[in-house]
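Just query23.cif here, mmCIF, C-alpha atoms and all ligand atoms:
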data_run
#
loop_
_atom_site.label_atom_id
_atom_site.label_comp_id
_atom_site.auth_asym_id
_atom_site.auth_seq_id
_atom_site.Cartn_x
_atom_site.Cartn_y
_atom_site.Cartn_z
CA MET A 1 117.68 62.02 108.27
CA LYS A 2 114.56 61.66 110.37
CA LEU A 3 113.08 64.78 108.85
CA THR A 4 113.74 63.54 105.30
CA LYS A 5 111.98 60.26 106.08
CA LEU A 6 109.05 62.11 107.55
CA LEU A 7 108.77 64.36 104.51
CA CYS A 8 108.93 61.35 102.19
CA ALA A 9 106.20 59.59 104.16
CA ALA A 10 104.01 62.70 104.14
CA ALA A 11 104.50 63.06 100.40
CA ALA A 12 103.56 59.40 99.88
CA VAL A 13 100.36 59.79 101.96
CA GLY A 14 99.49 62.95 100.05
CA CYS A 15 100.06 61.18 96.80
CA LEU A 16 97.89 58.24 97.89
CA MET A 17 95.14 60.59 99.01
CA THR A 18 95.22 62.48 95.74
CA SER A 19 95.03 59.27 93.73
CA SER A 20 92.12 57.89 95.77
CA VAL A 21 90.27 61.18 95.39
CA ALA A 22 90.95 61.05 91.67
CA LEU A 23 89.75 57.45 91.59
CA ALA A 24 86.56 58.33 93.44
CA GLN A 25 85.95 61.21 91.07
CA ASN A 26 86.38 59.06 87.97
CA GLN A 27 84.72 56.00 89.40
CA ILE A 28 82.01 54.50 87.26
CA VAL A 29 78.96 53.58 89.30
CA ILE A 30 76.60 50.81 88.24
CA LYS A 31 73.32 50.84 90.11
CA PHE A 32 71.91 47.31 89.96
CA SER A 33 68.32 47.26 91.13
CA HIS A 34 66.22 44.14 91.68
CA VAL A 35 63.06 43.03 93.47
CA VAL A 36 64.01 39.83 95.31
CA ALA A 37 65.81 39.13 98.60
CA PRO A 38 69.63 39.09 98.69
CA GLU A 39 69.60 35.40 99.65
CA THR A 40 68.05 34.16 96.40
CA PRO A 41 69.68 32.98 93.16
CA LYS A 42 69.33 36.47 91.63
CA GLY A 43 70.34 38.26 94.83
CA LYS A 44 73.48 36.17 95.15
CA GLY A 45 74.26 36.49 91.44
CA ALA A 46 74.09 40.27 91.72
CA GLU A 47 76.48 40.25 94.69
CA LYS A 48 78.87 37.96 92.83
CA PHE A 49 78.85 40.31 89.84
CA LYS A 50 79.60 43.24 92.16
CA GLU A 51 82.55 41.41 93.71
CA LEU A 52 84.06 40.34 90.38
CA ALA A 53 83.38 43.63 88.59
CA GLU A 54 85.04 45.72 91.30
CA GLN A 55 87.97 43.31 91.53
CA ARG A 56 88.62 43.04 87.80
CA THR A 57 88.35 46.75 87.08
CA GLY A 58 90.73 47.46 89.97
CA GLY A 59 88.10 49.64 91.62
CA LYS A 60 87.37 51.74 88.53
CA VAL A 61 83.81 50.45 88.72
CA LYS A 62 81.63 50.43 91.80
CA VAL A 63 78.50 48.29 91.72
CA GLU A 64 75.70 49.28 94.07
CA VAL A 65 73.16 46.50 94.46
CA TYR A 66 69.66 47.49 95.61
CA PRO A 67 67.60 44.37 96.45
CA ASN A 68 63.99 43.82 97.54
CA SER A 69 62.37 46.59 95.43
CA GLN A 70 64.19 49.06 97.70
CA LEU A 71 64.72 51.45 94.80
CA TYR A 72 62.05 50.49 92.24
CA LYS A 73 59.21 48.02 91.84
CA ASP A 74 58.78 45.84 88.75
CA LYS A 75 57.38 48.34 86.30
CA GLU A 76 59.30 51.38 87.50
CA GLU A 77 62.65 49.63 87.34
CA LEU A 78 62.32 49.16 83.57
CA GLU A 79 61.44 52.82 83.13
CA ALA A 80 64.35 53.80 85.39
CA LEU A 81 66.74 51.74 83.28
CA GLN A 82 65.60 53.35 80.05
CA LEU A 83 65.93 56.79 81.62
CA GLY A 84 69.39 55.95 82.92
CA ALA A 85 68.46 56.34 86.61
CA VAL A 86 69.83 52.82 87.11
CA GLN A 87 72.27 51.04 84.84
CA MET A 88 71.58 47.34 85.40
CA LEU A 89 68.59 45.11 86.16
CA ALA A 90 67.69 41.44 86.02
CA PRO A 91 63.91 41.34 85.53
CA SER A 92 62.24 38.00 85.13
CA LEU A 93 61.63 37.00 81.52
CA ALA A 94 57.89 37.37 82.21
CA LYS A 95 58.26 41.13 82.62
CA PHE A 96 59.45 42.23 79.19
CA GLY A 97 55.97 42.60 77.68
CA PRO A 98 55.48 46.19 78.86
CA LEU A 99 58.75 47.03 77.06
CA GLY A 100 57.23 45.83 73.81
CA ALA A 101 59.37 42.67 73.79
CA LYS A 102 56.52 40.23 74.20
CA GLU A 103 58.47 37.35 72.63
CA PHE A 104 60.22 36.86 75.99
CA GLU A 105 56.93 35.48 77.28
CA VAL A 106 57.69 32.27 75.39
CA PHE A 107 59.62 31.27 78.54
CA ASP A 108 56.32 31.39 80.47
CA LEU A 109 54.65 28.67 78.42
CA PRO A 110 53.72 25.81 80.72
CA TYR A 111 55.83 22.67 80.28
CA ILE A 112 57.85 24.09 77.39
CA PHE A 113 61.18 23.11 78.95
CA PRO A 114 61.34 19.41 79.67
CA SER A 115 64.75 19.87 81.28
CA LYS A 116 67.33 22.48 82.29
CA ASP A 117 69.49 21.21 79.48
CA VAL A 118 66.87 22.23 76.90
CA LEU A 119 66.50 25.60 78.59
CA ARG A 120 70.27 26.13 78.34
CA ARG A 121 70.29 25.18 74.67
CA VAL A 122 67.67 27.88 74.15
CA THR A 123 69.24 30.67 76.18
CA GLU A 124 72.77 29.98 74.95
CA GLY A 125 71.79 29.36 71.34
CA GLU A 126 70.20 31.32 68.51
CA VAL A 127 66.92 32.00 70.36
CA GLY A 128 68.72 33.64 73.26
CA LYS A 129 70.63 35.87 70.85
CA GLN A 130 67.57 36.77 68.77
CA LEU A 131 65.67 37.82 71.86
CA PHE A 132 68.49 40.07 73.04
CA GLN A 133 68.57 41.72 69.61
CA LYS A 134 64.96 42.79 70.13
CA LEU A 135 66.06 44.90 73.10
CA GLU A 136 68.56 47.08 71.25
CA SER A 137 65.89 49.31 69.73
CA LYS A 138 64.54 49.91 73.25
CA GLY A 139 67.91 51.29 74.35
CA ILE A 140 68.79 48.10 76.23
CA VAL A 141 71.58 45.54 75.92
CA GLY A 142 71.02 41.98 77.12
CA LEU A 143 74.09 40.54 78.83
CA ALA A 144 73.11 37.17 80.26
CA TYR A 145 70.36 34.76 81.22
CA TRP A 146 70.18 33.75 84.87
CA ASP A 147 68.17 30.89 86.32
CA ASN A 148 65.82 30.85 89.18
CA GLY A 149 63.90 27.63 88.67
CA PHE A 150 60.58 25.93 88.11
CA LYS A 151 57.45 27.25 89.80
CA ILE A 152 55.11 25.64 92.25
CA MET A 153 51.44 26.58 92.62
CA SER A 154 50.16 27.72 96.02
CA ALA A 155 46.83 28.66 97.62
CA ASN A 156 44.89 28.13 100.84
CA LYS A 157 43.29 24.94 99.62
CA PRO A 158 44.78 21.73 98.21
CA LEU A 159 45.50 21.99 94.47
CA THR A 160 45.48 18.40 93.40
CA LYS A 161 43.51 18.53 90.17
CA PRO A 162 43.55 21.37 87.62
CA GLU A 163 39.86 21.93 88.48
CA ASP A 164 40.88 22.88 92.01
CA MET A 165 42.07 26.16 90.53
CA LYS A 166 38.60 27.19 89.37
CA GLY A 167 37.56 30.62 90.56
CA LEU A 168 40.78 31.29 92.51
CA LYS A 169 42.25 34.78 92.28
CA MET A 170 45.86 34.15 91.35
CA ARG A 171 48.64 36.73 91.39
CA ILE A 172 50.74 36.68 88.22
CA GLN A 173 53.64 38.63 86.78
CA SER A 174 52.82 40.99 83.92
CA SER A 175 52.77 38.35 81.19
CA LYS A 176 49.86 37.65 78.85
CA VAL A 177 51.02 34.04 78.57
CA LEU A 178 50.70 33.65 82.32
CA ASP A 179 47.30 35.27 82.10
CA ALA A 180 46.27 32.65 79.51
CA GLN A 181 47.76 29.89 81.65
CA MET A 182 45.64 30.84 84.68
CA ARG A 183 42.52 31.24 82.55
CA ALA A 184 43.08 27.77 81.05
CA LEU A 185 42.79 26.50 84.63
CA GLY A 186 39.64 28.48 85.29
CA ALA A 187 41.45 30.83 87.69
CA LEU A 188 41.26 34.63 87.70
CA PRO A 189 44.71 36.09 87.06
CA GLN A 190 45.70 39.35 88.67
CA VAL A 191 48.89 41.20 87.69
CA MET A 192 50.69 42.58 90.73
CA ALA A 193 54.18 43.83 91.57
CA PHE A 194 56.30 41.27 93.39
CA SER A 195 56.73 43.53 96.41
CA GLU A 196 52.97 43.52 97.01
CA VAL A 197 52.34 39.78 96.88
CA TYR A 198 52.87 38.88 100.54
CA GLN A 199 50.38 41.44 101.75
CA ALA A 200 47.88 40.59 99.05
CA LEU A 201 48.00 36.95 100.09
CA GLN A 202 47.78 37.84 103.76
CA THR A 203 44.74 40.06 103.35
CA GLY A 204 43.01 37.82 100.81
CA VAL A 205 43.22 40.29 97.91
CA VAL A 206 44.42 37.21 96.02
CA ASP A 207 44.02 33.54 96.94
CA GLY A 208 47.21 32.13 95.58
CA THR A 209 50.27 32.50 93.39
CA GLU A 210 53.10 30.71 91.58
CA ASN A 211 56.81 31.08 92.22
CA PRO A 212 59.94 29.01 92.65
CA PRO A 213 60.52 27.94 96.28
CA SER A 214 63.37 30.45 96.83
CA ASN A 215 61.05 33.38 96.14
CA MET A 216 58.20 31.90 98.12
CA TYR A 217 60.39 31.31 101.16
CA THR A 218 62.36 34.57 101.18
CA GLN A 219 59.15 36.62 100.87
CA LYS A 220 57.57 34.51 103.66
CA MET A 221 54.68 33.56 101.38
CA HIS A 222 54.66 30.12 103.04
CA GLU A 223 53.34 31.86 106.16
CA VAL A 224 50.22 32.93 104.29
CA GLN A 225 49.65 29.95 101.98
CA LYS A 226 48.33 26.72 103.50
CA HIS A 227 48.91 24.49 100.47
CA ALA A 228 51.27 24.18 97.55
CA THR A 229 51.61 21.60 94.81
CA LEU A 230 55.01 20.82 93.35
CA THR A 231 53.79 21.28 89.80
CA ASP A 232 57.03 22.59 88.24
CA HIS A 233 54.70 23.69 85.49
CA GLY A 234 56.65 26.70 84.30
CA TYR A 235 60.06 28.29 84.37
CA LEU A 236 61.14 31.53 86.02
CA GLY A 237 64.44 33.02 84.94
CA TYR A 238 66.01 36.41 84.31
CA ALA A 239 67.69 38.49 81.66
CA VAL A 240 70.47 40.69 82.99
CA ILE A 241 70.17 43.93 81.07
CA VAL A 242 71.98 47.28 80.92
CA ASN A 243 71.22 50.73 79.60
CA LYS A 244 72.71 50.72 76.08
CA LYS A 245 73.98 54.28 76.09
CA PHE A 246 75.80 53.67 79.35
CA TRP A 247 77.23 50.35 78.19
CA ASP A 248 78.38 51.60 74.78
CA GLY A 249 79.95 54.64 76.43
CA LEU A 250 82.24 52.62 78.71
CA PRO A 251 85.98 52.55 77.97
CA THR A 252 86.64 49.36 75.98
CA ASP A 253 88.96 47.83 78.57
CA VAL A 254 86.42 48.37 81.34
CA ARG A 255 83.62 46.88 79.27
CA THR A 256 85.74 43.80 78.56
CA GLN A 257 86.49 43.40 82.27
CA LEU A 258 82.78 43.73 83.07
CA GLU A 259 81.88 41.18 80.41
CA SER A 260 84.27 38.72 81.96
CA ALA A 261 82.81 39.44 85.43
CA MET A 262 79.31 38.87 84.05
CA LYS A 263 80.33 35.60 82.42
CA ASP A 264 81.63 34.23 85.70
CA ALA A 265 78.77 35.65 87.78
CA THR A 266 76.37 33.94 85.36
CA ALA A 267 78.08 30.58 85.76
CA TYR A 268 77.93 31.07 89.53
CA ALA A 269 74.25 32.13 89.60
CA ASN A 270 73.18 29.24 87.38
CA ASP A 271 75.22 26.84 89.42
CA ILE A 272 73.68 27.75 92.79
CA ALA A 273 70.06 28.27 91.67
CA GLN A 274 68.85 24.70 92.07
CA ASN A 275 70.44 24.34 95.47
CA GLU A 276 68.95 27.65 96.66
CA ASN A 277 65.53 26.34 95.71
CA ASP A 278 66.13 22.96 97.36
CA VAL A 279 67.24 24.61 100.60
CA ALA A 280 64.25 26.98 100.56
CA MET A 281 61.91 24.05 100.04
CA ALA A 282 63.46 22.14 102.94
CA GLN A 283 63.12 25.20 105.17
CA MET A 284 59.47 25.71 104.26
CA LYS A 285 58.74 22.05 104.89
CA ALA A 286 60.48 22.25 108.25
CA SER A 287 58.41 25.31 109.23
CA GLY A 288 55.25 23.23 108.83
CA LYS A 289 53.21 26.25 107.74
CA THR A 290 52.44 25.10 104.19
CA GLN A 291 51.48 21.58 103.25
CA PHE A 292 53.36 20.50 100.12
CA HIS A 293 51.81 18.05 97.73
CA GLU A 294 53.87 15.96 95.31
CA GLN A 295 52.02 14.96 92.17
CA THR A 296 51.49 11.41 91.04
CA LYS A 297 52.21 10.68 87.38
CA GLU A 298 48.47 10.76 86.60
CA GLU A 299 47.95 14.05 88.42
CA ARG A 300 50.80 15.63 86.53
CA GLN A 301 49.40 14.41 83.24
CA ALA A 302 46.04 16.01 84.03
CA TRP A 303 47.78 19.40 84.55
CA VAL A 304 49.77 18.94 81.34
CA ASN A 305 46.56 18.20 79.44
CA ALA A 306 44.85 21.26 80.89
CA LEU A 307 47.77 23.57 80.15
CA LYS A 308 49.28 22.42 76.87
CA PRO A 309 46.58 24.20 74.80
CA VAL A 310 48.08 27.48 76.03
CA HIS A 311 50.97 26.93 73.57
CA LYS A 312 48.61 27.21 70.61
CA ASP A 313 46.83 30.23 72.12
CA ALA A 314 50.17 31.98 72.58
CA GLU A 315 51.27 31.67 68.96
CA SER A 316 49.85 35.03 68.00
CA ARG A 317 51.53 36.67 70.99
CA VAL A 318 55.04 35.21 71.00
CA GLY A 319 55.27 33.81 67.45
CA LYS A 320 54.71 30.31 66.17
CA ASP A 321 58.29 30.08 64.83
CA LEU A 322 59.77 30.87 68.18
CA ILE A 323 57.73 28.13 69.86
CA GLN A 324 58.77 25.72 67.12
CA GLN A 325 62.43 26.63 67.59
CA ILE A 326 62.17 25.67 71.25
CA TYR A 327 60.40 22.39 70.40
CA LYS A 328 63.27 21.64 68.02
CA GLU A 329 65.83 22.15 70.77
CA ALA A 330 63.81 19.84 73.03
CA GLU A 331 63.59 17.21 70.30
CA ALA A 332 67.33 17.50 69.62
CA ALA A 333 67.83 16.72 73.30
CA GLY A 334 65.69 13.60 72.93
CA PHE A 335 62.28 14.83 74.15
CA LYS A 336 58.99 14.43 72.32
CA MET A 337 57.04 17.71 72.25
C1 LIG B 1 57.88 37.63 90.49
O1 LIG B 1 57.46 38.78 90.28
O2 LIG B 1 57.19 36.73 90.96
C2 LIG B 1 59.32 37.32 90.14
O3 LIG B 1 59.58 37.79 88.86
C3 LIG B 1 60.25 37.97 91.10
C4 LIG B 1 61.67 37.73 90.68
O4 LIG B 1 62.31 38.66 90.22
O5 LIG B 1 62.12 36.59 90.83
#
What is this file in structure tokens?
Amino acid sequence: MKLTKLLCAAAAVGCLMTSSVALAQNQIVIKFSHVVAPETPKGKGAEKFKELAEQRTGGKVKVEVYPNSQLYKDKEELEALQLGAVQMLAPSLAKFGPLGAKEFEVFDLPYIFPSKDVLRRVTEGEVGKQLFQKLESKGIVGLAYWDNGFKIMSANKPLTKPEDMKGLKMRIQSSKVLDAQMRALGALPQVMAFSEVYQALQTGVVDGTENPPSNMYTQKMHEVQKHATLTDHGYLGYAVIVNKKFWDGLPTDVRTQLESAMKDATAYANDIAQNENDVAMAQMKASGKTQFHEQTKEERQAWVNALKPVHKDAESRVGKDLIQQIYKEAEAAGFKM
């Protein structure tokens, strides 16, 4: 009797081992590379997707998240995705120009989104869909839009008036609209990979930058920037994208499970983003290293006046119709553009 039991148990273990080996062999691996810290809206969104994707596919899919430019920096990660060296990314919408999808830079226009509600109408409506369609010919599928938040402007001097920006070397993401924005302020824009910004600020290669508080705090930029103005002048968000060949080649049931994981990870990421930024701001204020300036109504208006002309300048780059479509969404939500 004892021997039979033992044999049965051994057979069961063997069987389990064989099935886990088989599972490991057939496991689909999604490498998800990104450039920010794990404790940011994007970092947490990526981890949530991993958790839900692995759960819902019953372990058929393994998601490996590589944060902090560990695997690739901004430009390389897009090349890696197209080559299939990684399967998933969430670059900021300001970084699609080098892919030949310059229309995404419409999101960089200063003061184009008067509220998060308008932004959501855009990303979840026709515009969001149209933009994703532009990626297909590049071998990329757009899955979702994730929030970070609105940017603040930082430097080592107070930035009260737009003129305070004159002559400052400002790090920007690789977007021509952001280039035009900085030039409209009289600043000298410098494109630089995110992973290099802290050091560039520390050594004075650039004088200042713009980012939402969560990025500023988690990269310790507040340690090397004496002043920041809460301008909220522009939006920073992400498109979660996958290699098309990989995505189309997935078994249908797995792809459906991953779509459902992405839907819920998106709701989660967009839900926590504002709070992540609020907490980061509170932590930076508490550290006392950067002095934060809140704008008066008049100060804000002066920045709006200095930056609104960028919309017209950008028409030839991102398309007049696209800008108009966003204005329409804003007007439908009750704002005057
Ligand atoms: C930046 O380069 O400043 C941001 O796009 C980084 C990020 O991914 O949030």
Do you know which residues are within 9 Å of ligand LIG 1 (chain B) using only C-alpha atoms and all ligand atoms? Can you write them as an NGL selection string?
-> :A and (34-37 or 40-42 or 74 or 90-95 or 148 or 171-174 or 192-195 or 197 or 209-212 or 214-216 or 236-238)
Serialized selection, C-alpha atoms, as a PDB file, keeping the file's coordinate frame:
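Just written: out_21.pdb:
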ATOM      1  CA  HIS A  34      66.220  44.140  91.680  1.00  0.00           C
ATOM      2  CA  VAL A  35      63.060  43.030  93.470  1.00  0.00           C
ATOM      3  CA  VAL A  36      64.010  39.830  95.310  1.00  0.00           C
ATOM      4  CA  ALA A  37      65.810  39.130  98.600  1.00  0.00           C
ATOM      5  CA  THR A  40      68.050  34.160  96.400  1.00  0.00           C
ATOM      6  CA  PRO A  41      69.680  32.980  93.160  1.00  0.00           C
ATOM      7  CA  LYS A  42      69.330  36.470  91.630  1.00  0.00           C
ATOM      8  CA  ASP A  74      58.780  45.840  88.750  1.00  0.00           C
ATOM      9  CA  ALA A  90      67.690  41.440  86.020  1.00  0.00           C
ATOM     10  CA  PRO A  91      63.910  41.340  85.530  1.00  0.00           C
ATOM     11  CA  SER A  92      62.240  38.000  85.130  1.00  0.00           C
ATOM     12  CA  LEU A  93      61.630  37.000  81.520  1.00  0.00           C
ATOM     13  CA  ALA A  94      57.890  37.370  82.210  1.00  0.00           C
ATOM     14  CA  LYS A  95      58.260  41.130  82.620  1.00  0.00           C
ATOM     15  CA  ASN A 148      65.820  30.850  89.180  1.00  0.00           C
ATOM     16  CA  ARG A 171      48.640  36.730  91.390  1.00  0.00           C
ATOM     17  CA  ILE A 172      50.740  36.680  88.220  1.00  0.00           C
ATOM     18  CA  GLN A 173      53.640  38.630  86.780  1.00  0.00           C
ATOM     19  CA  SER A 174      52.820  40.990  83.920  1.00  0.00           C
ATOM     20  CA  MET A 192      50.690  42.580  90.730  1.00  0.00           C
ATOM     21  CA  ALA A 193      54.180  43.830  91.570  1.00  0.00           C
ATOM     22  CA  PHE A 194      56.300  41.270  93.390  1.00  0.00           C
ATOM     23  CA  SER A 195      56.730  43.530  96.410  1.00  0.00           C
ATOM     24  CA  VAL A 197      52.340  39.780  96.880  1.00  0.00           C
ATOM     25  CA  THR A 209      50.270  32.500  93.390  1.00  0.00           C
ATOM     26  CA  GLU A 210      53.100  30.710  91.580  1.00  0.00           C
ATOM     27  CA  ASN A 211      56.810  31.080  92.220  1.00  0.00           C
ATOM     28  CA  PRO A 212      59.940  29.010  92.650  1.00  0.00           C
ATOM     29  CA  SER A 214      63.370  30.450  96.830  1.00  0.00           C
ATOM     30  CA  ASN A 215      61.050  33.380  96.140  1.00  0.00           C
ATOM     31  CA  MET A 216      58.200  31.900  98.120  1.00  0.00           C
ATOM     32  CA  LEU A 236      61.140  31.530  86.020  1.00  0.00           C
ATOM     33  CA  GLY A 237      64.440  33.020  84.940  1.00  0.00           C
ATOM     34  CA  TYR A 238      66.010  36.410  84.310  1.00  0.00           C
TER      35      TYR A 238
END
note - CA of Met88 in chain A and CA of Pro189 in chain A are separated by 29.2 Å
What gap, in Å, lies between CA of Phe132 in chain A and CA of Trp247 in chain A?
-> 14.4 Å
With only C-alpha atoms as the basis for distance, which of A:Gln181, A:Gln291, A:Thr256, A:Gln283 is at the shortest distance from Leu230 in chain A?
-> A:Gln291
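Atom pair CA of Ala144 in chain A / CA of Val118 in chain A: separated by 16.5 Å.
In terms of minimum interatomic distance to Ala180 in chain A, A:Ala306 ranks closest within A:Ala306, A:Val29, A:Ala265, A:Leu131, counting only C-alpha atoms.
Candidate residues A:Glu315, A:Glu259, A:Gln301, A:Leu307 were compared for distance to Leu52 in chain A, and the nearest is A:Glu259, using all atoms listed in the file.
Distance annotation: of A:Met170, A:Leu201, A:Leu188, A:Leu99, the residue with the minimal separation from Lys226 in chain A is A:Leu201; atom set is only C-alpha atoms.
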Determine the axis-aligned bounding box of all atoms of range 281-300 of chain A present in the file, pad each side by 3 Å, and express its centre and edge lengths in Å to one decimal place as lines of an AutoDock Vina configuration file.
center_x = 55.7
center_y = 18.5
center_z = 97.9
size_x = 21.5
size_y = 21.6
size_z = 28.7
Near Lys308 in chain A, within 10 Å and counting only C-alpha atoms, which residues show up once chain neighbours fewer than 2 positions away are dropped, as an NGL selection string?
-> :A and (109-112 or 181 or 184 or 303-306 or 310-313)
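In this comparison, which uses all atoms listed in the file, the residue of A:Asp117, A:Leu168, A:Lys263, A:Lys285 approaching Tyr217 in chain A most closely is A:Lys285.
If all atoms listed in the file are the atoms counted, then among A:Gly149, A:Pro114, A:Val106, A:Lys134 the closest residue to Asp278 in chain A is A:Gly149.
With only C-alpha atoms taken into account, the protein and nucleic acid residues at most 12 Å from Ala333 in chain A (excluding it and anything under 4 positions from it in its own chain) are Phe113, Pro114, Ser115, Lys116, Asp117, Val118, Leu119, Arg120, Arg121, Val122, Ile326, Tyr327, Lys328, Glu329 and Met337 of chain A.
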May I have the residues within 10 Å of Thr160 in chain A as a ChimeraX atom specification, using all atoms listed in the file and disregarding those fewer than 2 positions away in the same chain?
-> /A:157-158,162-165,227-231,293-296,299-300,302-303
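With only C-alpha atoms taken into account, the protein and nucleic acid residues at most 12 Å from Leu83 in chain A (excluding it and anything under 3 positions from it in its own chain) are A:Glu76, A:Glu77, A:Leu78, A:Glu79, A:Ala80, A:Val86, A:Gln87, A:Met88, A:Lys138, A:Gly139, A:Ile140, A:Val242, A:Asn243, A:Lys244, A:Lys245, A:Phe246.
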Residues within 8 Å of Glu103 in chain A, all atoms listed in the file, excluding chain neighbours under 5 positions, as a list in words | Gly97, Leu131, Arg317, Val318, Gly319 and Leu322 of chain A
Same residues, C-alpha atoms, output as a PDB file, in the frame of the given file:
ATOM      1  CA  GLY A  97      55.970  42.600  77.680  1.00  0.00           C
ATOM      2  CA  LEU A 131      65.670  37.820  71.860  1.00  0.00           C
ATOM      3  CA  ARG A 317      51.530  36.670  70.990  1.00  0.00           C
ATOM      4  CA  VAL A 318      55.040  35.210  71.000  1.00  0.00           C
ATOM      5  CA  GLY A 319      55.270  33.810  67.450  1.00  0.00           C
ATOM      6  CA  LEU A 322      59.770  30.870  68.180  1.00  0.00           C
TER       7      LEU A 322
END
